[in-house]
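Input: a single structure, listed below in structure tokens.
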Amino acid sequence: MIVTLKNNGFSAKIDSYGAQLISLQDPAGTEYIWQRDPKHWANCSPLLFPIVGNCRDNKLIIDGRSYDIIKHGFCKITDFTVSQPSGSEAAFTIQDSEETRKSYPYAFCLTLTYTLDADGQLHMNYKVKNTDTQTIHYQIGTHPGFTCPLEDGEKFEDYVLEFEKEENAGFHSYNTEKLEFDMTTYTKALDHSRVLPINYPLFANDALFFTDLVSKKVALKNPATGKGVEVAYPDFETIAFWTAAATKAPFLCVEPWNGSAIRSDEDNDFMNRHYLQNLGVGGTKEYRMDIRIL
């Protein structure tokens, strides 16, 4: 089911399959979300839960028991229940089931609510509720892919990442042979600067994983035109950036995370994962991401 939100000429479309944002357009009809060409990447904005990235050997190990789980978790292949209180807001919900418990043992309720403002800002509120009789543990993340470049005649390299604050930071690289982030690598990317120019060679080793940024907002924009998007992620502790560099894909993913793919400094026990989220019986926790059209 495709749900369309509209407000003041802006529009957003969400597919209930995966609760995935598949379109965000301004009044002029400019499309800001990657349109899922399988030549490059067949998704565009998966919801990452209860893991972010991959587990080692695709095995989630909890309390000594091993569960088979796909990369980024099962949300991307689950049809969410939809409720739509207004034309500018809709909520998408999944609960644990016999199927989810094959790969993740806990009882939970997860709701992603989209709200489209009149100024073209899209709010995404992720709410996790523990419906189990014990504390639950999980990771959660976002993965929106943005059209880059936006306009005919532009190049991917015309764009930059502009951070909210001056940064002195670097990223860790993904080891594509071991399928893990190599935490012994560290590439300095920002030297007391707010701006990171982008190009395809930067992503030759897959995603760039930042764990030491102080900013909670980043813009993907063409500085010559000022056009692009700004992503705010106040409730996420890390962020990654990715594109399909080998095919020179015309998109860039901006990925706020609480968690990550398995790291070289982690064992296989899920309880030892960095940025693991813990939620007591009956508890709820909310996470927000906002996308603003520039």
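Letters for chains follow the order of the structure tokens (A, B, ...), residue numbers begin at 1 for each chain, and ligand numbers begin at 1 in the order shown.
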
Considering only C-alpha atoms, give me a table of residues in range 171-239 of chain A that are at most 6 Å from range 135-158 of chain A, with the closest atom pair and distance in Å for each, as JSON lines.
{"residue": "A:Ile198", "atom": "CA", "partner": "A:Glu157", "partner_atom": "CA", "distance": 5.7}
{"residue": "A:Asn199", "atom": "CA", "partner": "A:Glu157", "partner_atom": "CA", "distance": 5.0}
{"residue": "A:Asn222", "atom": "CA", "partner": "A:Asp158", "partner_atom": "CA", "distance": 5.9}

Nearby residues (only C-alpha atoms) at most 7 Å from range 51-61 of chain A, same-chain spacing under 5 positions excluded, as a PDB file with C-alpha atoms, in the first residue's frame:
ATOM      1  CA  SER A  66      21.863 -18.257  17.518  1.00  0.00           C
ATOM      2  CA  TYR A  67      19.217 -16.758  15.234  1.00  0.00           C
ATOM      3  CA  ASP A  68      19.500 -16.324  11.460  1.00  0.00           C
ATOM      4  CA  ILE A  69      18.912 -12.680  10.559  1.00  0.00           C
ATOM      5  CA  ILE A  70      19.267 -10.739   7.328  1.00  0.00           C
ATOM      6  CA  LYS A  71      21.309  -7.556   6.940  1.00  0.00           C
ATOM      7  CA  HIS A  72      19.533  -4.560   8.557  1.00  0.00           C
ATOM      8  CA  GLY A  73      16.833  -6.820  10.003  1.00  0.00           C
ATOM      9  CA  TYR A 138      18.045  -3.802  19.868  1.00  0.00           C
ATOM     10  CA  GLN A 139      19.737  -1.486  17.415  1.00  0.00           C
ATOM     11  CA  ILE A 140      17.879   1.034  15.289  1.00  0.00           C
ATOM     12  CA  GLY A 141      18.853   3.160  12.326  1.00  0.00           C
ATOM     13  CA  GLY A 259      24.428   0.630  16.324  1.00  0.00           C
ATOM     14  CA  SER A 260      26.277  -0.465  13.193  1.00  0.00           C
ATOM     15  CA  ALA A 261      27.288  -3.489  11.220  1.00  0.00           C
ATOM     16  CA  ILE A 262      29.537  -5.819  13.193  1.00  0.00           C
ATOM     17  CA  ASN A 268      29.534 -12.257  18.222  1.00  0.00           C
ATOM     18  CA  ASP A 269      27.463 -11.721  21.383  1.00  0.00           C
ATOM     19  CA  PHE A 270      24.723  -9.183  20.627  1.00  0.00           C
TER      20      PHE A 270
END

Can you list every residue of range 46-96 of chain A that has an atom at most 9 Å from range 18-41 of chain A, with its nearest atom pair and the distance in Å to one decimal, using only C-alpha atoms, ordered by chain then number, as CSV?
residue,atom,partner,partner_atom,distance
A:Pro46,CA,A:Gln20,CA,5.5
A:Leu47,CA,A:Gly18,CA,6.8
A:Phe74,CA,A:Gly18,CA,8.5
A:Cys75,CA,A:Gly18,CA,5.3
A:Lys76,CA,A:Gly18,CA,4.2
A:Ile77,CA,A:Gly18,CA,5.8
A:Thr78,CA,A:Gly18,CA,5.4
A:Asp79,CA,A:Gly18,CA,5.8
A:Phe80,CA,A:Ala19,CA,6.2
A:Thr81,CA,A:Ala19,CA,9.0
A:Val82,CA,A:Ala19,CA,8.9
A:Ala91,CA,A:Ala19,CA,8.8
A:Phe92,CA,A:Ala19,CA,6.1
A:Thr93,CA,A:Ala19,CA,8.2

Can you write just those residues out, C-alpha atoms, as a PDB file, in the first residue's frame?
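File produced: selection-v3.pdb:
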ATOM      1  CA  PRO A  46      14.870   1.046   4.674  1.00  0.00           C
ATOM      2  CA  LEU A  47      14.113   1.063   8.399  1.00  0.00           C
ATOM      3  CA  PHE A  74      13.362  -7.859   8.916  1.00  0.00           C
ATOM      4  CA  CYS A  75      11.528  -4.519   8.692  1.00  0.00           C
ATOM      5  CA  LYS A  76      12.484  -4.036   5.057  1.00  0.00           C
ATOM      6  CA  ILE A  77      10.614  -7.223   4.102  1.00  0.00           C
ATOM      7  CA  THR A  78       7.579  -6.708   6.370  1.00  0.00           C
ATOM      8  CA  ASP A  79       4.269  -5.078   5.479  1.00  0.00           C
ATOM      9  CA  PHE A  80       3.388  -2.550   8.192  1.00  0.00           C
ATOM     10  CA  THR A  81      -0.117  -1.774   9.450  1.00  0.00           C
ATOM     11  CA  VAL A  82      -1.141   1.746   8.412  1.00  0.00           C
ATOM     12  CA  ALA A  91       1.753   5.945  11.120  1.00  0.00           C
ATOM     13  CA  PHE A  92       3.190   2.524  10.235  1.00  0.00           C
ATOM     14  CA  THR A  93       3.337  -0.237  12.848  1.00  0.00           C
TER      15      THR A  93
END

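Proximity to Tyr186 in chain A at 7 Å, evaluated using only C-alpha atoms and with sequence-adjacent residues fewer than 6 positions away removed, yields Gly170, Phe171 and His172 of chain A.
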
Taking C-alpha atoms for each residue, export the selection above as a short mmCIF file (atom, residue, chain, number, x, y, z; two decimals), in the first residue's frame.
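Listing of result-v8.cif after writing:
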data_model
loop_
_atom_site.label_atom_id
_atom_site.label_comp_id
_atom_site.auth_asym_id
_atom_site.auth_seq_id
_atom_site.Cartn_x
_atom_site.Cartn_y
_atom_site.Cartn_z
CA GLY A 170 37.22 11.08 10.74
CA PHE A 171 35.60 7.87 9.64
CA HIS A 172 36.14 4.13 9.90
#

For range 42-110 of chain A versus range 115-133 of chain A, which residues have an atom no more than 7 Å away, and what is each residue's nearest atom pair and distance in Å rounded to one decimal, using only C-alpha atoms, chain-then-number order, as JSON lines?
{"residue": "A:Ser88", "atom": "CA", "partner": "A:Leu116", "partner_atom": "CA", "distance": 5.2}
{"residue": "A:Glu89", "atom": "CA", "partner": "A:Thr115", "partner_atom": "CA", "distance": 4.4}
{"residue": "A:Ala90", "atom": "CA", "partner": "A:Thr115", "partner_atom": "CA", "distance": 6.8}
{"residue": "A:Tyr106", "atom": "CA", "partner": "A:Asp132", "partner_atom": "CA", "distance": 6.3}
{"residue": "A:Ala107", "atom": "CA", "partner": "A:Asp132", "partner_atom": "CA", "distance": 4.6}
{"residue": "A:Phe108", "atom": "CA", "partner": "A:Asn130", "partner_atom": "CA", "distance": 4.8}
{"residue": "A:Cys109", "atom": "CA", "partner": "A:Lys129", "partner_atom": "CA", "distance": 5.1}
{"residue": "A:Leu110", "atom": "CA", "partner": "A:Val128", "partner_atom": "CA", "distance": 4.7}

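Excluding Phe203 in chain A and any residue on its chain fewer than 2 positions from it, the residues at most 8 Å away by only C-alpha atoms are Asn199, Tyr200, Pro201, Asn205, Asp206, Ala207, Leu208, Trp242, Thr243, Ala244 and Ala245 of chain A.
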
Strand (DSSP E) positions in range 44-276 of chain A, given as a ChimeraX atom specification: /A:59-62,65-68,81-86,89-95,108-116,121-130,136-138,140-141,145-147,160-175,180-197,208-210,217-221,228-232,238-242,251-258

Selected residue, from A:Asn278, A:Lys221, A:Leu112, A:Phe49, that lies nearest to Phe251 in chain A when counting only C-alpha atoms: A:Lys221

Members of range 23-224 of chain A assigned helix (DSSP H, G or I) by DSSP, as a list of chain:residue names: A:Arg56, A:Asp57, A:Asn58, A:Cys75, A:Lys76, A:Ile77, A:Thr100, A:Arg101, A:Lys102, A:Phe156, A:Glu157, A:Asp158, A:Tyr200, A:Pro201, A:Leu202, A:Phe203

Top pick for closest residue to Ala224 in chain A, considering A:Tyr17, A:Thr4, A:Ala240, A:Val160 and counting only C-alpha atoms: A:Val160

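For the choices A:Asp212, A:Glu266, A:Phe241, A:Asp96, the atom-to-atom distance to Val254 in chain A is smallest for A:Phe241 when using only C-alpha atoms.
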
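The closest residue to Ile14 in chain A, picked from A:Asn258, A:Thr184, A:Thr113, A:Ser86 and counting only C-alpha atoms, is A:Thr113.
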
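Residue nearest Gly228 in chain A, chosen from A:Leu179, A:Ile293, A:Ala189, A:Leu252 and counting only C-alpha atoms: A:Ile293.
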
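Relative to CA of Leu276 in chain A, CA of Phe209 in chain A is found at 16.2 Å.
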
Given only C-alpha atoms as the counted atoms, nearest of A:Phe10, A:Thr100, A:His192, A:Pro250 to Arg292 in chain A: A:Phe10
